Number of protein chains: 2
Amino acid sequence: MYLTEYINGHVHLEESDMCESDGKLFLNEAFSVIMEEILHKGTDSKEKVCEWKDPDQLRALLDLDLREHGESHEQLLQRVQDVARYSVKTCHPRFFNQLFAGVDYHALTGRLLTETLNTSQYTYEVAPVFVLMEEEVLRKLRSLVGWSEGDGIFCPGGSMSNMYAMNIARYWAFPQVKTQGLWATPRMAIFTSQQSHYSMKKAAAFLGIGTDNIFIVQADESGSMIPEDLEAKIMQAKSKDAVPFFVNATAGTTVQGAFDPLNHIADISERNGMSICMPLGEEACCFPKNTNICANATYLFQQDKFYDTSLDTGDKSIQCGRKVDCLKLWLMWKAIGTHGLSERVDKAFALARYLVEEMEKRENFKLVCKGHFVNVCFWFIPPSLRGKENSPDYQERLSKVAPVIKERMMKRGTMMVGYQPMDGHVNFFRMVVVSPQLTTKDMDFFLDEIEKLGKDL
Amino acid sequence: MYLTEYINGHVHLEESDMCESDGKLFLNEAFSVIMEEILHKGTDSKEKVCEWKDPDQLRALLDLDLREHGESHEQLLQRVQDVARYSVKTCHPRFFNQLFAGVDYHALTGRLLTETLNTSQYTYEVAPVFVLMEEEVLRKLRSLVGWSEGDGIFCPGGSMSNMYAMNIARYWAFPQVKTQGLWATPRMAIFTSQQSHYSMKKAAAFLGIGTDNIFIVQADESGSMIPEDLEAKIMQAKSKDAVPFFVNATAGTTVQGAFDPLNHIADISERNGMSICMPLGEEACCFPKNTNICANATYLFQQDKFYDTSLDTGDKSIQCGRKVDCLKLWLMWKAIGTHGLSERVDKAFALARYLVEEMEKRENFKLVCKGHFVNVCFWFIPPSLRGKENSPDYQERLSKVAPVIKERMMKRGTMMVGYQPMDGHVNFFRMVVVSPQLTTKDMDFFLDEIEKLGKDL
Ligand SMILES: Cc1ncc(COP(=O)(O)O)c(C=O)c1O
Ligand SMILES: Cc1ncc(COP(=O)(O)O)c(C=O)c1O
């Protein structure tokens, strides 16, 4: 059938289906739209962080439907414009909603270069630059935590890093799991603090260990794991014939930014026969020794290649095709150096302290806890609740404040910050200072704006 | 300490650490380098696919070391240039090495837009456009396979899609696995063909099921699963008290491009109490019904939000932060329509048929099998081996041909194509026709070049 079509000329085999120059023209024009709409307007504090639309409105505006026939150059440019326009500007100086924010132009350049090169990290053959670069960046990251040898991998995010760490700890404890599965091992126990990230639950479920086999360790008021309770929970697990194999310690918890006592936890773990992996930052997972979880695919990892096949590192990954993740970090690091990176950290700390001090000067802010990291968790106490701490419905009424302020904020588009309840604390805001572009002015604006949005509450 | 530093003015809290305009200038100049080095030169068939360097040479050229201090604008632009220069040009018309190739300018625009917006797919709040867009693209993908309802997710690649499918099938068969782990279930059995992708092994190991619990089903000469053997293997598993819960059927195997008999396998699966998931393409995984594998993180998925929180779809994912993957596909689809996509498929089929016909005209090419898809697996029979099929060392000598040609090809940089051995077949080349830019001229070049590279062998 295809041959007939070909002979009849319905399929044009002599020509490429898109004119290269049209394609490049589109890309160039779209890049101008991206620069203008996202990087100029989106980083301008006078513009909105987000042009809020209800889902139904937005569906109508975007016309997402995928049809039989394609659209014109102009229509498609308009699509690019619309996507940019109605998306949240995470690069905006008043985007404080997640644990990421701001824009680093060198890192962004690295990302665009990665996307354009569009290769996969599995073999030296198709990713010569990135195989060597990943090796170097991981070596450097390990050296920052004091490991002179070991292994590691970049993967799509912190949750995946945690899964890698859990999988490797399990493999070290019970190597037969790789071939025979969990039926060939005793029940295993995971330890993590009540303040740890919910990716622990996902990992336990996905890896077949089950969420019931997570033993939750208590944290103190600041959010830091209590080592005595870890010991108690290890005893408890053992008494139930579950074998401790994994303690998840966090440096910078999701909500409060607390640090678990790493050295103390390491001692307890080692005494109980557990080893150490380290999901670093959000995207890299490092181990102090080599791992062996490969599957040996002969179609990618031929041993008779003409170069050193130990550089075909794809077999370390649970992915096959794997995006290049090291370039953005590498280019940013080259641009500002270790010194520049550490200055950014210092600055974020100092701005967070500044924010806390300013809050303490104002009577309508109350800290949830005194943290030491860049997370600042606080309640806004509106005029109607001031001095009413002892009234019976205080907590109930306070819990409604953050959602209302949040809704107003989104609809005005002036800024974005998240809120949540936590262990008996009703809804509070969590501000995390991460963007290198921030200044004290942004902190002042933040406080003023919350006051403005909540002044009638 | 930080406060003191701040007061002493060592940390400049009044200024942003990078001048916005410097950053934008860098990005703009780097974008020109990307256009020139990758998209102009890289797509020019007169340029090299890859400028091959040995790892040691390349390490020296790249200077990957991360230092204390940053570099100048010019040095950094040179870095961008070097990364582009020494990377493989997967957009080159003679890159045939993997299952991806070529460049689609609309998809690339979608990728650059995604990277610049730099948001995460988890909530409507931070990704309003992309939550709705993903929903629409998944709906469309499901409709292509005939499902009018169901669920799905984009994830980082086909291997991850396979893991999702396996995890969901397991959850449907034994929901207690989520909380109690595999110790609360009988041993489970996975069925997959001998030609299936090695991600099955990785998934079985990672999910705690174990690679020994994979039952390998035989495939016929063309690479397609033999349903009678599937039935036999299911019997075998049952006789060993392993419960069948998952059959992996492939539409387009990795090496031969074979299609497993999907309907027949579906019948057998249903008769044996198994349900159907479908990892689609390389990045989307679709299910015919809704799933319930969430972990309910209160800090992201507050139920008192002011919009329909069923749009906060992040909880479906095993990731937390999740890159936007739908935009590139959506924009390309908008650009050429369903019709344009299907024309590309027709064209790839026709070009693959053209290649096979041309090979049959030349005496030094021998097909491994007659496939029906876009993969063409073949041996190049060099002059010295022609007519020697019966000599005792024929296979041994033939196995050495592809690696030598490959090495020469890489060093010349004229093209890239992969080779591998397979089940008693010695090393052969696998050519996969996927790029929409290809024409019959590229196919002719491919054959001529292999002949040229191997003419003295
Ligand atoms: C049939 C099949 N399934 C899954 C995969 C894995 O996809 P990915 O590389 O995106 O993980 C591949 C990759 O070649 C494949 O050929
Ligand atoms: C402490 C911690 N670990 C892991 C994660 C998950 O990271 P990701 O979103 O990259 O999966 C987060 C995300 O907030 C986190 O705060």
# chains A, B, ... in the order shown; residues from 1 in each chain; ligands from 1
$ residues_around --residues "stretch 21-37 of chain A" --least-positions-apart "3" --cutoff "10 Å" --atoms "only C-alpha atoms" --output "PyMOL selection string"
(chain A and resi 18+40-43+73-74+76-85+89) or (chain B and resi 24+27-28+31-32+35+39-40+103-110+112-113+116-117)
$ residues_near_ligand --ligand "ligand 2" --cutoff "7 Å" --atoms "only C-alpha atoms and all ligand atoms" --output "list in words"
Leu99, Pro156, Gly157, Gly158, Ser159, Met160, Ser196, His197, Ser199, Thr250, Gly252, Thr253, Thr254, Glu282 and Glu283 of chain A; Gln319, Cys320, Gly321 and Arg322 of chain B
$ write_last_selection --atoms "C-alpha atoms" --output "short mmCIF file (atom, residue, chain, number, x, y, z; two decimals), in the first residue's frame"
data_model
loop_
_atom_site.label_atom_id
_atom_site.label_comp_id
_atom_site.auth_asym_id
_atom_site.auth_seq_id
_atom_site.Cartn_x
_atom_site.Cartn_y
_atom_site.Cartn_z
CA LEU A 99 10.71 26.00 46.45
CA PRO A 156 14.04 14.01 37.14
CA GLY A 157 13.62 15.58 40.55
CA GLY A 158 13.94 15.05 44.26
CA SER A 159 11.21 12.43 44.56
CA MET A 160 12.98 10.24 42.02
CA SER A 196 9.62 14.73 55.73
CA HIS A 197 8.47 15.06 52.16
CA SER A 199 7.74 11.42 48.27
CA THR A 250 16.37 15.81 55.40
CA GLY A 252 15.94 21.59 54.72
CA THR A 253 12.44 20.22 55.20
CA THR A 254 9.74 21.18 52.75
CA GLU A 282 16.53 18.36 43.82
CA GLU A 283 18.03 16.50 40.95
CA GLN B 319 7.31 12.71 40.92
CA CYS B 320 6.46 15.86 42.83
CA GLY B 321 7.94 18.61 40.72
CA ARG B 322 7.25 17.45 37.19
#
$ closest_atom_pairs --of "chain A" --to "ligand 1" --cutoff "12 Å" --atoms "only C-alpha atoms and all ligand atoms" --output "JSON lines"
{"residue": "A:Thr119", "atom": "CA", "partner": "ligand 1", "partner_atom_place_in_ligand_line": "9 (O)", "distance": 11.0}
{"residue": "A:Ser120", "atom": "CA", "partner": "ligand 1", "partner_atom_place_in_ligand_line": "9 (O)", "distance": 8.3}
{"residue": "A:Gln121", "atom": "CA", "partner": "ligand 1", "partner_atom_place_in_ligand_line": "9 (O)", "distance": 10.1}
{"residue": "A:Tyr122", "atom": "CA", "partner": "ligand 1", "partner_atom_place_in_ligand_line": "9 (O)", "distance": 9.1}
{"residue": "A:Ala297", "atom": "CA", "partner": "ligand 1", "partner_atom_place_in_ligand_line": "14 (O)", "distance": 10.3}
{"residue": "A:Thr298", "atom": "CA", "partner": "ligand 1", "partner_atom_place_in_ligand_line": "14 (O)", "distance": 11.8}
{"residue": "A:Tyr299", "atom": "CA", "partner": "ligand 1", "partner_atom_place_in_ligand_line": "14 (O)", "distance": 9.2}
{"residue": "A:Leu300", "atom": "CA", "partner": "ligand 1", "partner_atom_place_in_ligand_line": "14 (O)", "distance": 9.1}
{"residue": "A:Gly314", "atom": "CA", "partner": "ligand 1", "partner_atom_place_in_ligand_line": "9 (O)", "distance": 9.9}
{"residue": "A:Asp315", "atom": "CA", "partner": "ligand 1", "partner_atom_place_in_ligand_line": "11 (O)", "distance": 11.3}
{"residue": "A:Ser317", "atom": "CA", "partner": "ligand 1", "partner_atom_place_in_ligand_line": "11 (O)", "distance": 9.6}
{"residue": "A:Ile318", "atom": "CA", "partner": "ligand 1", "partner_atom_place_in_ligand_line": "11 (O)", "distance": 8.1}
{"residue": "A:Gln319", "atom": "CA", "partner": "ligand 1", "partner_atom_place_in_ligand_line": "11 (O)", "distance": 4.8}
{"residue": "A:Cys320", "atom": "CA", "partner": "ligand 1", "partner_atom_place_in_ligand_line": "11 (O)", "distance": 3.9}
{"residue": "A:Gly321", "atom": "CA", "partner": "ligand 1", "partner_atom_place_in_ligand_line": "9 (O)", "distance": 3.3}
{"residue": "A:Arg322", "atom": "CA", "partner": "ligand 1", "partner_atom_place_in_ligand_line": "9 (O)", "distance": 6.8}
{"residue": "A:Lys323", "atom": "CA", "partner": "ligand 1", "partner_atom_place_in_ligand_line": "10 (O)", "distance": 9.5}
$ write_last_selection --atoms "N, CA, C and O atoms" --output "compact mmCIF listing (two decimals), in the first residue's frame"
# COMPACT_ATOMS: atom_id res chain seq x y z
N THR A 119 19.64 15.31 22.94
CA THR A 119 20.20 13.96 22.93
C THR A 119 19.84 13.27 24.23
O THR A 119 19.10 13.81 25.05
N SER A 120 20.30 12.08 24.37
CA SER A 120 20.01 11.30 25.56
C SER A 120 21.31 10.92 26.23
O SER A 120 22.32 10.70 25.57
N GLN A 121 21.27 10.87 27.54
CA GLN A 121 22.50 10.78 28.33
C GLN A 121 23.10 9.37 28.39
O GLN A 121 24.08 9.16 29.04
N TYR A 122 22.53 8.38 27.65
CA TYR A 122 22.94 7.00 27.97
C TYR A 122 24.32 6.53 27.54
O TYR A 122 24.91 5.73 28.22
N ALA A 297 21.59 -3.95 28.61
CA ALA A 297 20.91 -3.99 27.32
C ALA A 297 21.94 -4.07 26.21
O ALA A 297 22.73 -3.15 26.01
N THR A 298 21.93 -5.16 25.48
CA THR A 298 22.96 -5.33 24.45
C THR A 298 22.79 -4.38 23.27
O THR A 298 23.73 -4.10 22.56
N TYR A 299 21.57 -3.87 23.07
CA TYR A 299 21.41 -3.02 21.89
C TYR A 299 21.99 -1.63 22.08
O TYR A 299 22.23 -0.91 21.14
N LEU A 300 22.20 -1.24 23.36
CA LEU A 300 22.84 0.06 23.60
C LEU A 300 24.27 -0.09 24.08
O LEU A 300 25.13 0.71 23.76
N GLY A 314 24.39 4.88 30.89
CA GLY A 314 22.93 4.81 30.90
C GLY A 314 22.39 3.67 31.74
O GLY A 314 21.27 3.73 32.25
N ASP A 315 23.19 2.63 31.89
CA ASP A 315 22.68 1.46 32.59
C ASP A 315 22.54 1.67 34.09
O ASP A 315 21.97 0.84 34.78
N SER A 317 20.79 4.05 35.25
CA SER A 317 19.52 4.76 35.41
C SER A 317 18.35 3.82 35.29
O SER A 317 18.40 2.81 34.58
N ILE A 318 17.24 4.16 35.97
CA ILE A 318 16.03 3.37 35.73
C ILE A 318 15.33 3.86 34.48
O ILE A 318 14.39 3.24 34.01
N GLN A 319 15.80 4.97 33.93
CA GLN A 319 15.29 5.38 32.63
C GLN A 319 16.16 4.75 31.56
O GLN A 319 17.20 4.17 31.84
N CYS A 320 15.73 4.88 30.33
CA CYS A 320 16.61 4.47 29.23
C CYS A 320 17.03 5.78 28.59
O CYS A 320 18.07 6.33 28.92
N GLY A 321 16.19 6.34 27.71
CA GLY A 321 16.45 7.70 27.29
C GLY A 321 16.42 8.58 28.53
O GLY A 321 15.53 8.46 29.35
N ARG A 322 17.43 9.43 28.68
CA ARG A 322 17.45 10.29 29.87
C ARG A 322 17.91 11.67 29.45
O ARG A 322 18.94 11.82 28.81
N LYS A 323 17.12 12.66 29.81
CA LYS A 323 17.44 14.03 29.47
C LYS A 323 18.75 14.44 30.12
O LYS A 323 19.10 13.97 31.19
$ closest_residue --among "B:Glu270, B:Glu360, B:Asp346, B:Asp325" --to "chain A" --atoms "only C-alpha atoms"
B:Asp346
$ atom_distance --atom1 "atom CA of B:Pro227" --atom2 "atom CA of B:Gly257"
17.6 Å
$ closest_atom_pairs --of "stretch 47-139 of chain B" --to "stretch 395-412 of chain B" --cutoff "12 Å" --atoms "only C-alpha atoms" --output "CSV"
residue,atom,partner,partner_atom,distance
B:Glu47,CA,B:Arg412,CA,10.7
B:Lys48,CA,B:Arg412,CA,7.8
B:Val49,CA,B:Met410,CA,8.5
B:Cys50,CA,B:Met410,CA,7.2
B:Glu51,CA,B:Lys411,CA,7.5
B:Trp52,CA,B:Lys411,CA,5.6
B:Lys53,CA,B:Lys411,CA,8.2
B:Asp54,CA,B:Lys411,CA,9.9
B:Val88,CA,B:Met410,CA,10.3
B:Arg94,CA,B:Met409,CA,11.0
B:Phe95,CA,B:Met410,CA,10.9
B:Phe96,CA,B:Met409,CA,12.0
B:Asn97,CA,B:Lys406,CA,10.5
$ write_last_selection --atoms "all heavy atoms" --output "short mmCIF file (atom, residue, chain, number, x, y, z; two decimals), in the first residue's frame"
data_model
loop_
_atom_site.label_atom_id
_atom_site.label_comp_id
_atom_site.auth_asym_id
_atom_site.auth_seq_id
_atom_site.Cartn_x
_atom_site.Cartn_y
_atom_site.Cartn_z
N GLU B 47 27.93 19.07 6.63
CA GLU B 47 28.69 19.16 7.89
C GLU B 47 28.70 17.79 8.59
O GLU B 47 27.92 16.91 8.26
CB GLU B 47 28.03 20.19 8.82
CG GLU B 47 28.02 21.60 8.28
CD GLU B 47 29.34 22.33 8.52
OE1 GLU B 47 30.10 21.92 9.42
OE2 GLU B 47 29.59 23.33 7.80
N LYS B 48 29.55 17.66 9.59
CA LYS B 48 29.64 16.39 10.30
C LYS B 48 28.49 16.18 11.28
O LYS B 48 28.01 17.14 11.88
CB LYS B 48 30.95 16.34 11.11
CG LYS B 48 32.17 16.21 10.25
CD LYS B 48 33.40 16.06 11.14
CE LYS B 48 34.63 15.78 10.26
NZ LYS B 48 35.82 15.53 11.08
N VAL B 49 28.07 14.94 11.45
CA VAL B 49 27.08 14.60 12.47
C VAL B 49 27.70 14.77 13.85
O VAL B 49 27.06 15.16 14.82
CB VAL B 49 26.61 13.14 12.32
CG1 VAL B 49 25.62 12.78 13.41
CG2 VAL B 49 26.02 12.90 10.95
N CYS B 50 28.99 14.48 13.90
CA CYS B 50 29.66 14.50 15.18
C CYS B 50 31.14 14.68 14.94
O CYS B 50 31.69 14.08 14.02
CB CYS B 50 29.43 13.16 15.88
SG CYS B 50 30.46 12.95 17.32
N GLU B 51 31.74 15.54 15.73
CA GLU B 51 33.18 15.69 15.63
C GLU B 51 33.80 14.81 16.70
O GLU B 51 33.96 15.21 17.84
CB GLU B 51 33.53 17.17 15.83
CG GLU B 51 34.97 17.42 15.56
CD GLU B 51 35.25 18.88 15.22
OE1 GLU B 51 34.36 19.58 14.70
OE2 GLU B 51 36.38 19.30 15.52
N TRP B 52 34.10 13.59 16.32
CA TRP B 52 34.53 12.59 17.30
C TRP B 52 35.85 12.94 18.00
O TRP B 52 36.82 13.30 17.34
CB TRP B 52 34.69 11.22 16.62
CG TRP B 52 35.27 10.23 17.57
CD1 TRP B 52 36.58 9.86 17.69
CD2 TRP B 52 34.55 9.51 18.57
NE1 TRP B 52 36.73 8.95 18.70
CE2 TRP B 52 35.50 8.72 19.27
CE3 TRP B 52 33.21 9.46 18.96
CZ2 TRP B 52 35.13 7.88 20.34
CZ3 TRP B 52 32.85 8.62 20.01
CH2 TRP B 52 33.82 7.86 20.68
N LYS B 53 35.83 12.83 19.31
CA LYS B 53 37.06 12.96 20.10
C LYS B 53 37.08 11.83 21.11
O LYS B 53 36.04 11.46 21.66
CB LYS B 53 37.08 14.28 20.88
CG LYS B 53 37.01 15.53 20.04
CD LYS B 53 38.33 15.81 19.35
CE LYS B 53 38.15 16.94 18.34
NZ LYS B 53 39.21 16.94 17.32
N ASP B 54 38.25 11.31 21.38
CA ASP B 54 38.39 10.34 22.47
C ASP B 54 38.08 11.04 23.79
O ASP B 54 38.31 12.24 23.91
CB ASP B 54 39.83 9.82 22.54
CG ASP B 54 40.12 8.85 21.42
OD1 ASP B 54 39.16 8.20 20.97
OD2 ASP B 54 41.28 8.77 20.99
N VAL B 88 26.87 15.56 19.62
CA VAL B 88 26.30 14.90 18.44
C VAL B 88 25.11 15.72 17.95
O VAL B 88 24.29 16.19 18.75
CB VAL B 88 25.86 13.48 18.82
CG1 VAL B 88 25.07 12.83 17.69
CG2 VAL B 88 27.09 12.63 19.16
N ARG B 94 21.72 12.81 8.73
CA ARG B 94 22.36 11.48 8.70
C ARG B 94 22.58 10.91 10.10
O ARG B 94 23.42 10.05 10.30
CB ARG B 94 23.68 11.52 7.93
CG ARG B 94 23.49 11.34 6.44
CD ARG B 94 23.06 12.63 5.79
NE ARG B 94 22.55 12.55 4.44
CZ ARG B 94 23.23 12.94 3.37
NH1 ARG B 94 24.44 13.37 3.48
NH2 ARG B 94 22.67 12.88 2.18
N PHE B 95 21.78 11.38 11.05
CA PHE B 95 21.81 10.77 12.38
C PHE B 95 20.71 9.71 12.42
O PHE B 95 19.53 10.01 12.42
CB PHE B 95 21.56 11.82 13.47
CG PHE B 95 21.50 11.25 14.86
CD1 PHE B 95 22.66 10.96 15.58
CD2 PHE B 95 20.28 10.95 15.46
CE1 PHE B 95 22.60 10.41 16.86
CE2 PHE B 95 20.21 10.40 16.74
CZ PHE B 95 21.38 10.13 17.44
N PHE B 96 21.13 8.44 12.40
CA PHE B 96 20.16 7.32 12.41
C PHE B 96 20.43 6.40 13.59
O PHE B 96 20.14 5.21 13.54
CB PHE B 96 20.30 6.48 11.13
CG PHE B 96 20.30 7.27 9.85
CD1 PHE B 96 21.42 7.32 9.05
CD2 PHE B 96 19.15 7.93 9.45
CE1 PHE B 96 21.41 8.03 7.85
CE2 PHE B 96 19.14 8.64 8.25
CZ PHE B 96 20.27 8.70 7.45
N ASN B 97 21.04 6.94 14.65
CA ASN B 97 21.61 6.06 15.67
C ASN B 97 20.61 5.56 16.69
O ASN B 97 20.83 4.55 17.33
CB ASN B 97 22.73 6.81 16.39
CG ASN B 97 23.81 5.90 16.88
OD1 ASN B 97 24.48 5.27 16.06
ND2 ASN B 97 23.97 5.78 18.19
#
$ residues_around --residues "stretch 176-187 of chain A" --least-positions-apart "2" --cutoff "6 Å" --atoms "only C-alpha atoms" --output "PyMOL selection string"
(chain A and resi 174+242) or (chain B and resi 183+205+208-212)
$ closest_residue --among "B:Ser222, B:Gln236, B:Ser45, B:Ser342" --to "B:Cys377" --atoms "only C-alpha atoms"
B:Ser222
$ residues_around --residues "stretch 260-268 of chain B" --least-positions-apart "3" --cutoff "6 Å" --atoms "only C-alpha atoms" --output "PyMOL selection string"
chain B and resi 224-225+249-250+271
$ write_last_selection --atoms "N, CA and C atoms" --output "short mmCIF file (atom, residue, chain, number, x, y, z; two decimals), in the first residue's frame"
data_model
loop_
_atom_site.label_atom_id
_atom_site.label_comp_id
_atom_site.auth_asym_id
_atom_site.auth_seq_id
_atom_site.Cartn_x
_atom_site.Cartn_y
_atom_site.Cartn_z
N SER B 224 7.78 -10.83 16.73
CA SER B 224 6.44 -10.67 17.29
C SER B 224 6.14 -11.79 18.29
N MET B 225 5.51 -11.43 19.42
CA MET B 225 5.25 -12.41 20.48
C MET B 225 4.37 -13.55 19.97
N ALA B 249 2.85 -5.98 26.17
CA ALA B 249 2.79 -6.14 24.71
C ALA B 249 3.39 -4.90 24.06
N THR B 250 4.17 -5.10 23.02
CA THR B 250 4.88 -3.98 22.39
C THR B 250 4.35 -3.73 20.98
N ARG B 271 -8.86 -13.34 29.85
CA ARG B 271 -9.23 -14.69 30.30
C ARG B 271 -8.48 -15.06 31.59
#
$ select_by_dssp --residues "stretch 115-345 of chain B" --states "alpha helix (DSSP H)" --output "ChimeraX atom specification"
/B:115-117,128-144,158-173,177-180,199-206,227-239,262-271,326-345
